[in-house]
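Colleague: Sharing run.cif, mmCIF, N, CA and C atoms:
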data_structure
#
loop_
_atom_site.label_atom_id
_atom_site.label_comp_id
_atom_site.auth_asym_id
_atom_site.auth_seq_id
_atom_site.Cartn_x
_atom_site.Cartn_y
_atom_site.Cartn_z
N MET A 1278 1.87 -12.60 -13.15
CA MET A 1278 0.83 -12.57 -12.14
C MET A 1278 0.27 -11.14 -12.06
N SER A 1279 -1.02 -11.01 -12.12
CA SER A 1279 -1.67 -9.71 -12.02
C SER A 1279 -1.77 -9.26 -10.57
N ALA A 1280 -1.73 -7.95 -10.38
CA ALA A 1280 -1.88 -7.40 -9.04
C ALA A 1280 -3.28 -7.68 -8.51
N ILE A 1281 -3.37 -7.92 -7.23
CA ILE A 1281 -4.66 -8.12 -6.56
C ILE A 1281 -5.21 -6.76 -6.17
N THR A 1282 -6.49 -6.53 -6.39
CA THR A 1282 -7.12 -5.26 -6.02
C THR A 1282 -7.69 -5.36 -4.61
N ILE A 1283 -7.22 -4.46 -3.75
CA ILE A 1283 -7.74 -4.35 -2.38
C ILE A 1283 -7.98 -2.87 -2.13
N ASN A 1284 -9.22 -2.51 -1.84
CA ASN A 1284 -9.56 -1.12 -1.56
C ASN A 1284 -9.43 -0.84 -0.07
N LEU A 1285 -8.98 0.37 0.25
CA LEU A 1285 -8.72 0.78 1.63
C LEU A 1285 -9.57 1.98 2.02
N VAL A 1286 -9.81 2.13 3.33
CA VAL A 1286 -10.41 3.33 3.88
C VAL A 1286 -9.41 3.89 4.89
N ILE A 1287 -9.04 5.15 4.69
CA ILE A 1287 -8.09 5.84 5.57
C ILE A 1287 -8.85 6.97 6.24
N GLU A 1288 -8.87 6.97 7.56
CA GLU A 1288 -9.57 8.02 8.30
C GLU A 1288 -8.63 9.20 8.50
N GLN A 1289 -9.04 10.37 8.01
CA GLN A 1289 -8.23 11.57 8.10
C GLN A 1289 -7.91 11.88 9.56
N GLY A 1290 -6.66 12.24 9.84
CA GLY A 1290 -6.26 12.66 11.19
C GLY A 1290 -5.94 11.52 12.14
N THR A 1291 -5.91 10.28 11.64
CA THR A 1291 -5.60 9.14 12.50
C THR A 1291 -4.41 8.37 11.93
N ASP A 1292 -3.80 7.56 12.78
CA ASP A 1292 -2.75 6.65 12.30
C ASP A 1292 -3.43 5.55 11.50
N PHE A 1293 -2.81 5.18 10.38
CA PHE A 1293 -3.37 4.15 9.50
C PHE A 1293 -2.34 3.05 9.31
N SER A 1294 -2.82 1.81 9.31
CA SER A 1294 -1.97 0.69 8.92
C SER A 1294 -2.83 -0.43 8.36
N ALA A 1295 -2.23 -1.19 7.47
CA ALA A 1295 -2.90 -2.35 6.89
C ALA A 1295 -1.84 -3.41 6.62
N SER A 1296 -2.15 -4.65 6.99
CA SER A 1296 -1.23 -5.77 6.76
C SER A 1296 -1.73 -6.62 5.60
N PHE A 1297 -0.78 -7.17 4.86
CA PHE A 1297 -1.08 -8.00 3.71
C PHE A 1297 -0.20 -9.24 3.72
N THR A 1298 -0.74 -10.34 3.26
CA THR A 1298 0.05 -11.55 3.05
C THR A 1298 0.21 -11.72 1.55
N ILE A 1299 1.44 -11.68 1.07
CA ILE A 1299 1.73 -11.80 -0.35
C ILE A 1299 1.78 -13.28 -0.70
N LYS A 1300 0.95 -13.70 -1.65
CA LYS A 1300 0.88 -15.11 -2.03
C LYS A 1300 1.17 -15.28 -3.52
N ASN A 1301 1.65 -16.46 -3.88
CA ASN A 1301 1.90 -16.77 -5.29
C ASN A 1301 0.62 -17.31 -5.93
N SER A 1302 0.69 -17.71 -7.17
CA SER A 1302 -0.50 -18.17 -7.90
C SER A 1302 -1.08 -19.46 -7.33
N ASP A 1303 -0.29 -20.21 -6.52
CA ASP A 1303 -0.79 -21.42 -5.86
C ASP A 1303 -1.37 -21.12 -4.48
N SER A 1304 -1.50 -19.84 -4.14
CA SER A 1304 -2.01 -19.37 -2.85
C SER A 1304 -1.08 -19.69 -1.68
N ASN A 1305 0.19 -19.91 -1.97
CA ASN A 1305 1.18 -20.10 -0.92
C ASN A 1305 1.89 -18.78 -0.66
N PRO A 1306 2.23 -18.49 0.61
CA PRO A 1306 2.93 -17.25 0.91
C PRO A 1306 4.28 -17.17 0.19
N VAL A 1307 4.61 -15.98 -0.29
CA VAL A 1307 5.89 -15.74 -0.95
C VAL A 1307 6.92 -15.41 0.13
N ASN A 1308 8.05 -16.10 0.13
CA ASN A 1308 9.13 -15.78 1.06
C ASN A 1308 9.76 -14.47 0.59
N LEU A 1309 9.66 -13.43 1.40
CA LEU A 1309 10.10 -12.10 1.03
C LEU A 1309 11.53 -11.79 1.47
N LEU A 1310 12.29 -12.81 1.83
CA LEU A 1310 13.68 -12.61 2.20
C LEU A 1310 14.44 -12.04 1.00
N GLY A 1311 15.12 -10.91 1.19
CA GLY A 1311 15.86 -10.27 0.12
C GLY A 1311 15.06 -9.28 -0.69
N PHE A 1312 13.76 -9.19 -0.45
CA PHE A 1312 12.90 -8.25 -1.18
C PHE A 1312 12.93 -6.87 -0.52
N THR A 1313 12.71 -5.84 -1.32
CA THR A 1313 12.41 -4.51 -0.81
C THR A 1313 11.00 -4.17 -1.29
N ALA A 1314 10.39 -3.18 -0.66
CA ALA A 1314 9.02 -2.83 -1.04
C ALA A 1314 8.84 -1.33 -1.04
N GLU A 1315 7.95 -0.88 -1.90
CA GLU A 1315 7.60 0.53 -2.00
C GLU A 1315 6.09 0.62 -2.21
N ALA A 1316 5.46 1.55 -1.52
CA ALA A 1316 4.02 1.75 -1.66
C ALA A 1316 3.74 3.24 -1.69
N LYS A 1317 2.89 3.66 -2.63
CA LYS A 1317 2.58 5.09 -2.77
C LYS A 1317 1.09 5.31 -2.99
N LEU A 1318 0.67 6.52 -2.64
CA LEU A 1318 -0.71 6.97 -2.77
C LEU A 1318 -0.69 8.22 -3.65
N LYS A 1319 -1.57 8.26 -4.68
CA LYS A 1319 -1.67 9.42 -5.57
C LYS A 1319 -3.14 9.75 -5.83
N THR A 1320 -3.36 10.97 -6.29
CA THR A 1320 -4.73 11.38 -6.60
C THR A 1320 -5.26 10.72 -7.86
N SER A 1321 -4.36 10.31 -8.76
CA SER A 1321 -4.76 9.69 -10.02
C SER A 1321 -3.58 8.93 -10.59
N TYR A 1322 -3.88 7.92 -11.39
CA TYR A 1322 -2.81 7.21 -12.10
C TYR A 1322 -2.10 8.13 -13.08
N TYR A 1323 -2.80 9.12 -13.59
CA TYR A 1323 -2.33 9.91 -14.71
C TYR A 1323 -1.78 11.29 -14.32
N THR A 1324 -1.86 11.65 -13.07
CA THR A 1324 -1.38 12.96 -12.64
C THR A 1324 0.13 12.93 -12.40
N SER A 1325 0.74 14.06 -12.61
CA SER A 1325 2.17 14.16 -12.35
C SER A 1325 2.44 14.71 -10.95
N SER A 1326 1.37 14.90 -10.16
CA SER A 1326 1.54 15.42 -8.81
C SER A 1326 2.32 14.43 -7.94
N ALA A 1327 2.91 14.96 -6.91
CA ALA A 1327 3.73 14.14 -6.01
C ALA A 1327 2.89 13.06 -5.34
N ALA A 1328 3.50 11.92 -5.16
CA ALA A 1328 2.85 10.81 -4.48
C ALA A 1328 3.17 10.88 -2.98
N THR A 1329 2.26 10.37 -2.18
CA THR A 1329 2.48 10.24 -0.74
C THR A 1329 2.98 8.83 -0.48
N PRO A 1330 4.19 8.69 0.05
CA PRO A 1330 4.71 7.34 0.30
C PRO A 1330 4.16 6.75 1.60
N PHE A 1331 3.85 5.47 1.57
CA PHE A 1331 3.54 4.73 2.79
C PHE A 1331 4.85 4.25 3.39
N ALA A 1332 4.89 4.12 4.70
CA ALA A 1332 6.00 3.40 5.34
C ALA A 1332 5.68 1.91 5.15
N VAL A 1333 6.68 1.12 4.78
CA VAL A 1333 6.49 -0.32 4.57
C VAL A 1333 7.36 -1.08 5.57
N THR A 1334 6.73 -2.00 6.29
CA THR A 1334 7.44 -2.83 7.27
C THR A 1334 7.19 -4.29 6.93
N PHE A 1335 8.24 -5.08 6.95
CA PHE A 1335 8.09 -6.53 6.77
C PHE A 1335 7.81 -7.14 8.13
N VAL A 1336 6.60 -7.63 8.33
CA VAL A 1336 6.17 -8.19 9.61
C VAL A 1336 6.77 -9.58 9.78
N ASP A 1337 6.68 -10.41 8.75
CA ASP A 1337 7.25 -11.77 8.77
C ASP A 1337 7.61 -12.13 7.33
N ARG A 1338 8.87 -11.95 6.99
CA ARG A 1338 9.30 -12.17 5.61
C ARG A 1338 9.06 -13.61 5.14
N SER A 1339 9.32 -14.59 6.00
CA SER A 1339 9.18 -15.99 5.59
C SER A 1339 7.73 -16.37 5.30
N LYS A 1340 6.78 -15.65 5.91
CA LYS A 1340 5.35 -15.93 5.68
C LYS A 1340 4.72 -14.93 4.71
N GLY A 1341 5.54 -14.04 4.13
CA GLY A 1341 5.04 -13.10 3.12
C GLY A 1341 4.20 -11.98 3.67
N ILE A 1342 4.37 -11.63 4.95
CA ILE A 1342 3.52 -10.62 5.56
C ILE A 1342 4.24 -9.27 5.62
N LEU A 1343 3.57 -8.23 5.09
CA LEU A 1343 4.09 -6.88 5.20
C LEU A 1343 2.98 -5.94 5.62
N MET A 1344 3.37 -4.76 6.10
CA MET A 1344 2.41 -3.77 6.56
C MET A 1344 2.76 -2.42 5.95
N ILE A 1345 1.72 -1.68 5.53
CA ILE A 1345 1.91 -0.30 5.10
C ILE A 1345 1.27 0.60 6.15
N SER A 1346 1.82 1.80 6.32
CA SER A 1346 1.27 2.69 7.33
C SER A 1346 1.49 4.15 6.97
N LEU A 1347 0.65 4.99 7.56
CA LEU A 1347 0.75 6.45 7.48
C LEU A 1347 0.54 7.00 8.88
N THR A 1348 1.29 8.03 9.25
CA THR A 1348 1.09 8.65 10.56
C THR A 1348 -0.12 9.57 10.53
N ASP A 1349 -0.58 9.95 11.71
CA ASP A 1349 -1.71 10.87 11.81
C ASP A 1349 -1.38 12.22 11.17
N THR A 1350 -0.13 12.63 11.23
CA THR A 1350 0.29 13.89 10.60
C THR A 1350 0.10 13.81 9.09
N VAL A 1351 0.46 12.69 8.51
CA VAL A 1351 0.32 12.50 7.06
C VAL A 1351 -1.16 12.44 6.68
N THR A 1352 -1.97 11.68 7.41
CA THR A 1352 -3.39 11.57 7.03
C THR A 1352 -4.14 12.88 7.25
N THR A 1353 -3.69 13.69 8.21
CA THR A 1353 -4.31 15.01 8.41
C THR A 1353 -4.11 15.88 7.17
N ALA A 1354 -2.95 15.76 6.54
CA ALA A 1354 -2.64 16.58 5.36
C ALA A 1354 -3.36 16.10 4.10
N LEU A 1355 -3.91 14.89 4.10
CA LEU A 1355 -4.63 14.37 2.94
C LEU A 1355 -6.02 14.97 2.87
N LYS A 1356 -6.44 15.34 1.68
CA LYS A 1356 -7.80 15.84 1.50
C LYS A 1356 -8.75 14.65 1.40
N PRO A 1357 -9.93 14.76 2.01
CA PRO A 1357 -10.92 13.69 1.88
C PRO A 1357 -11.30 13.52 0.41
N ARG A 1358 -11.07 12.33 -0.12
CA ARG A 1358 -11.37 12.02 -1.52
C ARG A 1358 -10.91 10.61 -1.80
N ARG A 1359 -11.04 10.20 -3.05
CA ARG A 1359 -10.52 8.90 -3.49
C ARG A 1359 -9.11 9.07 -4.06
N TYR A 1360 -8.26 8.13 -3.73
CA TYR A 1360 -6.89 8.09 -4.24
C TYR A 1360 -6.67 6.71 -4.84
N VAL A 1361 -5.56 6.56 -5.54
CA VAL A 1361 -5.11 5.25 -6.01
C VAL A 1361 -3.81 4.93 -5.28
N TYR A 1362 -3.55 3.64 -5.09
CA TYR A 1362 -2.30 3.25 -4.44
C TYR A 1362 -1.84 1.92 -5.03
N ASP A 1363 -0.58 1.61 -4.80
CA ASP A 1363 -0.09 0.27 -5.13
C ASP A 1363 1.10 -0.08 -4.25
N ILE A 1364 1.42 -1.36 -4.23
CA ILE A 1364 2.57 -1.89 -3.50
C ILE A 1364 3.41 -2.66 -4.51
N VAL A 1365 4.66 -2.23 -4.68
CA VAL A 1365 5.58 -2.86 -5.61
C VAL A 1365 6.73 -3.48 -4.82
N LEU A 1366 6.99 -4.76 -5.09
CA LEU A 1366 8.10 -5.45 -4.44
C LEU A 1366 9.21 -5.67 -5.46
N THR A 1367 10.44 -5.53 -5.00
CA THR A 1367 11.61 -5.76 -5.84
C THR A 1367 12.40 -6.91 -5.25
N SER A 1368 12.63 -7.94 -6.07
CA SER A 1368 13.38 -9.12 -5.62
C SER A 1368 14.86 -8.79 -5.50
N ALA A 1369 15.60 -9.68 -4.88
CA ALA A 1369 17.05 -9.49 -4.73
C ALA A 1369 17.74 -9.37 -6.08
N SER A 1370 17.16 -9.98 -7.11
CA SER A 1370 17.75 -9.91 -8.46
C SER A 1370 17.28 -8.68 -9.25
N GLY A 1371 16.43 -7.83 -8.63
CA GLY A 1371 16.01 -6.59 -9.27
C GLY A 1371 14.70 -6.64 -10.03
N VAL A 1372 13.99 -7.77 -9.97
CA VAL A 1372 12.70 -7.89 -10.66
C VAL A 1372 11.62 -7.18 -9.84
N LYS A 1373 10.93 -6.23 -10.48
CA LYS A 1373 9.85 -5.49 -9.81
C LYS A 1373 8.51 -6.09 -10.17
N THR A 1374 7.67 -6.27 -9.14
CA THR A 1374 6.33 -6.83 -9.34
C THR A 1374 5.33 -6.04 -8.51
N ARG A 1375 4.25 -5.61 -9.16
CA ARG A 1375 3.17 -4.96 -8.43
C ARG A 1375 2.26 -6.08 -7.92
N PHE A 1376 2.19 -6.25 -6.60
CA PHE A 1376 1.39 -7.32 -6.02
C PHE A 1376 -0.01 -6.86 -5.63
N ILE A 1377 -0.13 -5.61 -5.16
CA ILE A 1377 -1.42 -5.11 -4.67
C ILE A 1377 -1.63 -3.71 -5.21
N GLU A 1378 -2.89 -3.40 -5.57
CA GLU A 1378 -3.27 -2.07 -6.01
C GLU A 1378 -4.72 -1.85 -5.64
N GLY A 1379 -5.15 -0.59 -5.68
CA GLY A 1379 -6.55 -0.34 -5.40
C GLY A 1379 -6.86 1.12 -5.18
N ILE A 1380 -8.06 1.35 -4.69
CA ILE A 1380 -8.55 2.67 -4.35
C ILE A 1380 -8.41 2.83 -2.84
N ALA A 1381 -7.93 3.99 -2.42
CA ALA A 1381 -7.87 4.32 -1.00
C ALA A 1381 -8.76 5.55 -0.80
N THR A 1382 -9.80 5.39 -0.03
CA THR A 1382 -10.72 6.49 0.24
C THR A 1382 -10.37 7.14 1.57
N VAL A 1383 -10.05 8.43 1.54
CA VAL A 1383 -9.77 9.16 2.77
C VAL A 1383 -11.09 9.80 3.21
N THR A 1384 -11.54 9.44 4.41
CA THR A 1384 -12.78 9.98 4.95
C THR A 1384 -12.46 11.14 5.89
N PRO A 1385 -13.30 12.18 5.87
CA PRO A 1385 -13.02 13.35 6.71
C PRO A 1385 -13.26 13.05 8.19
N GLY A 1386 -12.54 13.81 9.01
CA GLY A 1386 -12.73 13.67 10.45
C GLY A 1386 -13.20 14.97 11.06
N VAL A 1387 -13.84 14.90 12.17
CA VAL A 1387 -14.30 16.10 12.90
C VAL A 1387 -13.17 16.61 13.79
N THR A 1388 -12.50 15.69 14.48
CA THR A 1388 -11.42 16.05 15.40
C THR A 1388 -10.10 15.91 14.67
N VAL A 1389 -9.83 16.84 13.77
CA VAL A 1389 -8.59 16.80 12.98
C VAL A 1389 -7.75 18.00 13.31
#
Could you render the structure as structure tokens?

Modeller:
Amino acid sequence: MSAITINLVIEQGTDFSASFTIKNSDSNPVNLLGFTAEAKLKTSYYTSSAATPFAVTFVDRSKGILMISLTDTVTTALKPRRYVYDIVLTSASGVKTRFIEGIATVTPGVTV
């Protein structure tokens, strides 16, 4: 299954969160019981620079709902520009799958 592309807008200096429902190829929610998740933001797919990790919370594992978030402190430190991000889930048996990827645009703020 290929990752779904979802682009995000992150406002610099504010708390950010986005919720996603992970679905299988039949469009049914994936039961995320036993899964772990990791999500990161980078300036480029090809750069060796450090990635900014998102906090990942499972909102409702049985319905496949998870949320990624960044605090206002983290978004303040981000430079306004385009970034790439992805969300990788690891099953209880250790299989890693990238479910979501995309561009995250950080917009500048005046009150930062």

Colleague: Going by the chain IDs and residue numbers used in this file, which residues fall under the PyMOL selection byres (((chain A and resi 1288 and name CA) around 12) and name CA)? Write them as a PyMOL selection string.

Modeller: chain A and resi 1285-1287+1289-1294+1347-1359+1381-1389

Colleague: Identify which of the residues A:Phe1331, A:Ser1339, A:Lys1319, A:Thr1313 lies closest to Leu1366 of chain A, counting only C-alpha atoms when measuring atom-to-atom distances.

Modeller: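 Counting only C-alpha atoms, the residue closest to Leu1366 of chain A is A:Thr1313.
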
Colleague: Could you tell me how far atom C of Ala1295 of chain A lies from atom CA of Val1333 of chain A, in Å and to one decimal?

Modeller: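 Going from atom C of Ala1295 of chain A over to atom CA of Val1333 of chain A covers 9.1 Å.
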
Colleague: Hey, what comes out of the PyMOL selection byres (((chain A and resi 1306 and name CA) around 12) and name CA) on this file? Could you write it as a PyMOL selection string?

Modeller: chain A and resi 1297-1305+1307-1310+1337-1343

Colleague: Hey, can you spit out that residue selection with N, CA and C atoms as a PDB file, in the frame of the given file?

Modeller:
ATOM      1  N   PHE A1297      -0.780  -7.170   4.860  1.00  0.00           N
ATOM      2  CA  PHE A1297      -1.080  -8.000   3.710  1.00  0.00           C
ATOM      3  C   PHE A1297      -0.200  -9.240   3.720  1.00  0.00           C
ATOM      4  N   THR A1298      -0.740 -10.340   3.260  1.00  0.00           N
ATOM      5  CA  THR A1298       0.050 -11.550   3.050  1.00  0.00           C
ATOM      6  C   THR A1298       0.210 -11.720   1.550  1.00  0.00           C
ATOM      7  N   ILE A1299       1.440 -11.680   1.070  1.00  0.00           N
ATOM      8  CA  ILE A1299       1.730 -11.800  -0.350  1.00  0.00           C
ATOM      9  C   ILE A1299       1.780 -13.280  -0.700  1.00  0.00           C
ATOM     10  N   LYS A1300       0.950 -13.700  -1.650  1.00  0.00           N
ATOM     11  CA  LYS A1300       0.880 -15.110  -2.030  1.00  0.00           C
ATOM     12  C   LYS A1300       1.170 -15.280  -3.520  1.00  0.00           C
ATOM     13  N   ASN A1301       1.650 -16.460  -3.880  1.00  0.00           N
ATOM     14  CA  ASN A1301       1.900 -16.770  -5.290  1.00  0.00           C
ATOM     15  C   ASN A1301       0.620 -17.310  -5.930  1.00  0.00           C
ATOM     16  N   SER A1302       0.690 -17.710  -7.170  1.00  0.00           N
ATOM     17  CA  SER A1302      -0.500 -18.170  -7.900  1.00  0.00           C
ATOM     18  C   SER A1302      -1.080 -19.460  -7.330  1.00  0.00           C
ATOM     19  N   ASP A1303      -0.290 -20.210  -6.520  1.00  0.00           N
ATOM     20  CA  ASP A1303      -0.790 -21.420  -5.860  1.00  0.00           C
ATOM     21  C   ASP A1303      -1.370 -21.120  -4.480  1.00  0.00           C
ATOM     22  N   SER A1304      -1.500 -19.840  -4.140  1.00  0.00           N
ATOM     23  CA  SER A1304      -2.010 -19.370  -2.850  1.00  0.00           C
ATOM     24  C   SER A1304      -1.080 -19.690  -1.680  1.00  0.00           C
ATOM     25  N   ASN A1305       0.190 -19.910  -1.970  1.00  0.00           N
ATOM     26  CA  ASN A1305       1.180 -20.100  -0.920  1.00  0.00           C
ATOM     27  C   ASN A1305       1.890 -18.780  -0.660  1.00  0.00           C
ATOM     28  N   VAL A1307       4.610 -15.980  -0.290  1.00  0.00           N
ATOM     29  CA  VAL A1307       5.890 -15.740  -0.950  1.00  0.00           C
ATOM     30  C   VAL A1307       6.920 -15.410   0.130  1.00  0.00           C
ATOM     31  N   ASN A1308       8.050 -16.100   0.130  1.00  0.00           N
ATOM     32  CA  ASN A1308       9.130 -15.780   1.060  1.00  0.00           C
ATOM     33  C   ASN A1308       9.760 -14.470   0.590  1.00  0.00           C
ATOM     34  N   LEU A1309       9.660 -13.430   1.400  1.00  0.00           N
ATOM     35  CA  LEU A1309      10.100 -12.100   1.030  1.00  0.00           C
ATOM     36  C   LEU A1309      11.530 -11.790   1.470  1.00  0.00           C
ATOM     37  N   LEU A1310      12.290 -12.810   1.830  1.00  0.00           N
ATOM     38  CA  LEU A1310      13.680 -12.610   2.200  1.00  0.00           C
ATOM     39  C   LEU A1310      14.440 -12.040   1.000  1.00  0.00           C
ATOM     40  N   ASP A1337       6.680 -10.410   8.750  1.00  0.00           N
ATOM     41  CA  ASP A1337       7.250 -11.770   8.770  1.00  0.00           C
ATOM     42  C   ASP A1337       7.610 -12.130   7.330  1.00  0.00           C
ATOM     43  N   ARG A1338       8.870 -11.950   6.990  1.00  0.00           N
ATOM     44  CA  ARG A1338       9.300 -12.170   5.610  1.00  0.00           C
ATOM     45  C   ARG A1338       9.060 -13.610   5.140  1.00  0.00           C
ATOM     46  N   SER A1339       9.320 -14.590   6.000  1.00  0.00           N
ATOM     47  CA  SER A1339       9.180 -15.990   5.590  1.00  0.00           C
ATOM     48  C   SER A1339       7.730 -16.370   5.300  1.00  0.00           C
ATOM     49  N   LYS A1340       6.780 -15.650   5.910  1.00  0.00           N
ATOM     50  CA  LYS A1340       5.350 -15.930   5.680  1.00  0.00           C
ATOM     51  C   LYS A1340       4.720 -14.930   4.710  1.00  0.00           C
ATOM     52  N   GLY A1341       5.540 -14.040   4.130  1.00  0.00           N
ATOM     53  CA  GLY A1341       5.040 -13.100   3.120  1.00  0.00           C
ATOM     54  C   GLY A1341       4.200 -11.980   3.670  1.00  0.00           C
ATOM     55  N   ILE A1342       4.370 -11.630   4.950  1.00  0.00           N
ATOM     56  CA  ILE A1342       3.520 -10.620   5.560  1.00  0.00           C
ATOM     57  C   ILE A1342       4.240  -9.270   5.620  1.00  0.00           C
ATOM     58  N   LEU A1343       3.570  -8.230   5.090  1.00  0.00           N
ATOM     59  CA  LEU A1343       4.090  -6.880   5.200  1.00  0.00           C
ATOM     60  C   LEU A1343       2.980  -5.940   5.620  1.00  0.00           C
TER      61      LEU A1343
END

Colleague: Could you pull the residues within 6.5 Å of Glu1315 of chain A, counting only N, CA and C atoms, minus those fewer than 2 positions along the same chain, as a PyMOL selection string?

Modeller: chain A and resi 1313+1317+1363-1367

Colleague: Taking the backbone alone, and naming residues the way the document does, which bits of chain A are strand (DSSP E or B) by DSSP, as a PyMOL selection string?

Modeller: chain A and resi 1281-1282+1285-1288+1293-1298+1300+1306+1313-1319+1329-1330+1332-1337+1342-1347+1358-1367+1373-1384

Colleague: May I ask for the distance between atom C of Phe1312 of chain A and atom N of Asn1284 of chain A, given in Å to one decimal place?

Modeller: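 Computing it gives 22.6 Å between the two atoms.
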
Colleague: Would you work out the distance separating atom C of Ala1369 of chain A from atom C of Ser1346 of chain A, expressed in Å to one decimal?

Modeller: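 About the pair atom C of Ala1369 of chain A and atom C of Ser1346 of chain A: they are 24.8 Å apart.
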
Colleague: Of the candidates A:Ile1345, A:Ile1377, A:Val1372, A:Val1361, which shows the shortest atom-to-atom distance to Ser1321 of chain A, using all atoms listed in the file?

Modeller: A:Val1361

Colleague: Within 8 Å of Thr1320 of chain A, counting all atoms listed in the file, which residues show up once you throw out same-chain ones fewer than 4 positions away? Write them as a PyMOL selection string, please.

Modeller: chain A and resi 1324+1326-1329+1358-1362

Colleague: Would you mind completing segment 1352-1358 of chain A to all heavy atoms and writing the output as a PDB file, in the coordinates of the input?

Modeller:
ATOM      1  N   THR A1352      -1.970  11.680   7.410  1.00  0.00           N
ATOM      2  CA  THR A1352      -3.390  11.570   7.030  1.00  0.00           C
ATOM      3  C   THR A1352      -4.140  12.880   7.250  1.00  0.00           C
ATOM      4  O   THR A1352      -5.101  13.152   6.546  1.00  0.00           O
ATOM      5  CB  THR A1352      -4.098  10.421   7.783  1.00  0.00           C
ATOM      6  OG1 THR A1352      -4.153  10.704   9.184  1.00  0.00           O
ATOM      7  CG2 THR A1352      -3.413   9.087   7.539  1.00  0.00           C
ATOM      8  N   THR A1353      -3.690  13.690   8.210  1.00  0.00           N
ATOM      9  CA  THR A1353      -4.310  15.010   8.410  1.00  0.00           C
ATOM     10  C   THR A1353      -4.110  15.880   7.170  1.00  0.00           C
ATOM     11  O   THR A1353      -5.007  16.643   6.787  1.00  0.00           O
ATOM     12  CB  THR A1353      -3.727  15.703   9.653  1.00  0.00           C
ATOM     13  OG1 THR A1353      -4.055  14.919  10.800  1.00  0.00           O
ATOM     14  CG2 THR A1353      -4.283  17.109   9.831  1.00  0.00           C
ATOM     15  N   ALA A1354      -2.950  15.760   6.540  1.00  0.00           N
ATOM     16  CA  ALA A1354      -2.640  16.580   5.360  1.00  0.00           C
ATOM     17  C   ALA A1354      -3.360  16.100   4.100  1.00  0.00           C
ATOM     18  O   ALA A1354      -3.441  16.847   3.116  1.00  0.00           O
ATOM     19  CB  ALA A1354      -1.133  16.579   5.120  1.00  0.00           C
ATOM     20  N   LEU A1355      -3.910  14.890   4.100  1.00  0.00           N
ATOM     21  CA  LEU A1355      -4.630  14.370   2.940  1.00  0.00           C
ATOM     22  C   LEU A1355      -6.020  14.970   2.870  1.00  0.00           C
ATOM     23  O   LEU A1355      -6.714  15.061   3.886  1.00  0.00           O
ATOM     24  CB  LEU A1355      -4.725  12.841   3.001  1.00  0.00           C
ATOM     25  CG  LEU A1355      -3.418  12.068   2.919  1.00  0.00           C
ATOM     26  CD1 LEU A1355      -3.676  10.578   3.187  1.00  0.00           C
ATOM     27  CD2 LEU A1355      -2.761  12.262   1.560  1.00  0.00           C
ATOM     28  N   LYS A1356      -6.440  15.340   1.680  1.00  0.00           N
ATOM     29  CA  LYS A1356      -7.800  15.840   1.500  1.00  0.00           C
ATOM     30  C   LYS A1356      -8.750  14.650   1.400  1.00  0.00           C
ATOM     31  O   LYS A1356      -8.419  13.630   0.785  1.00  0.00           O
ATOM     32  CB  LYS A1356      -7.902  16.672   0.228  1.00  0.00           C
ATOM     33  CG  LYS A1356      -7.109  17.935   0.319  1.00  0.00           C
ATOM     34  CD  LYS A1356      -7.287  18.794  -0.888  1.00  0.00           C
ATOM     35  CE  LYS A1356      -6.419  20.006  -0.667  1.00  0.00           C
ATOM     36  NZ  LYS A1356      -6.590  21.081  -1.514  1.00  0.00           N
ATOM     37  N   PRO A1357      -9.930  14.760   2.010  1.00  0.00           N
ATOM     38  CA  PRO A1357     -10.920  13.690   1.880  1.00  0.00           C
ATOM     39  C   PRO A1357     -11.300  13.520   0.410  1.00  0.00           C
ATOM     40  O   PRO A1357     -11.745  14.465  -0.231  1.00  0.00           O
ATOM     41  CB  PRO A1357     -12.106  14.173   2.705  1.00  0.00           C
ATOM     42  CG  PRO A1357     -11.533  15.165   3.656  1.00  0.00           C
ATOM     43  CD  PRO A1357     -10.401  15.813   2.905  1.00  0.00           C
ATOM     44  N   ARG A1358     -11.070  12.330  -0.120  1.00  0.00           N
ATOM     45  CA  ARG A1358     -11.370  12.020  -1.520  1.00  0.00           C
ATOM     46  C   ARG A1358     -10.910  10.610  -1.800  1.00  0.00           C
ATOM     47  O   ARG A1358     -10.372   9.935  -0.926  1.00  0.00           O
ATOM     48  CB  ARG A1358     -10.705  13.002  -2.480  1.00  0.00           C
ATOM     49  CG  ARG A1358      -9.181  13.017  -2.368  1.00  0.00           C
ATOM     50  CD  ARG A1358      -8.464  13.727  -3.476  1.00  0.00           C
ATOM     51  NE  ARG A1358      -8.648  12.983  -4.692  1.00  0.00           N
ATOM     52  CZ  ARG A1358      -8.612  13.494  -5.910  1.00  0.00           C
ATOM     53  NH1 ARG A1358      -8.356  14.756  -6.081  1.00  0.00           N
ATOM     54  NH2 ARG A1358      -8.794  12.750  -6.967  1.00  0.00           N
TER      55      ARG A1358
END
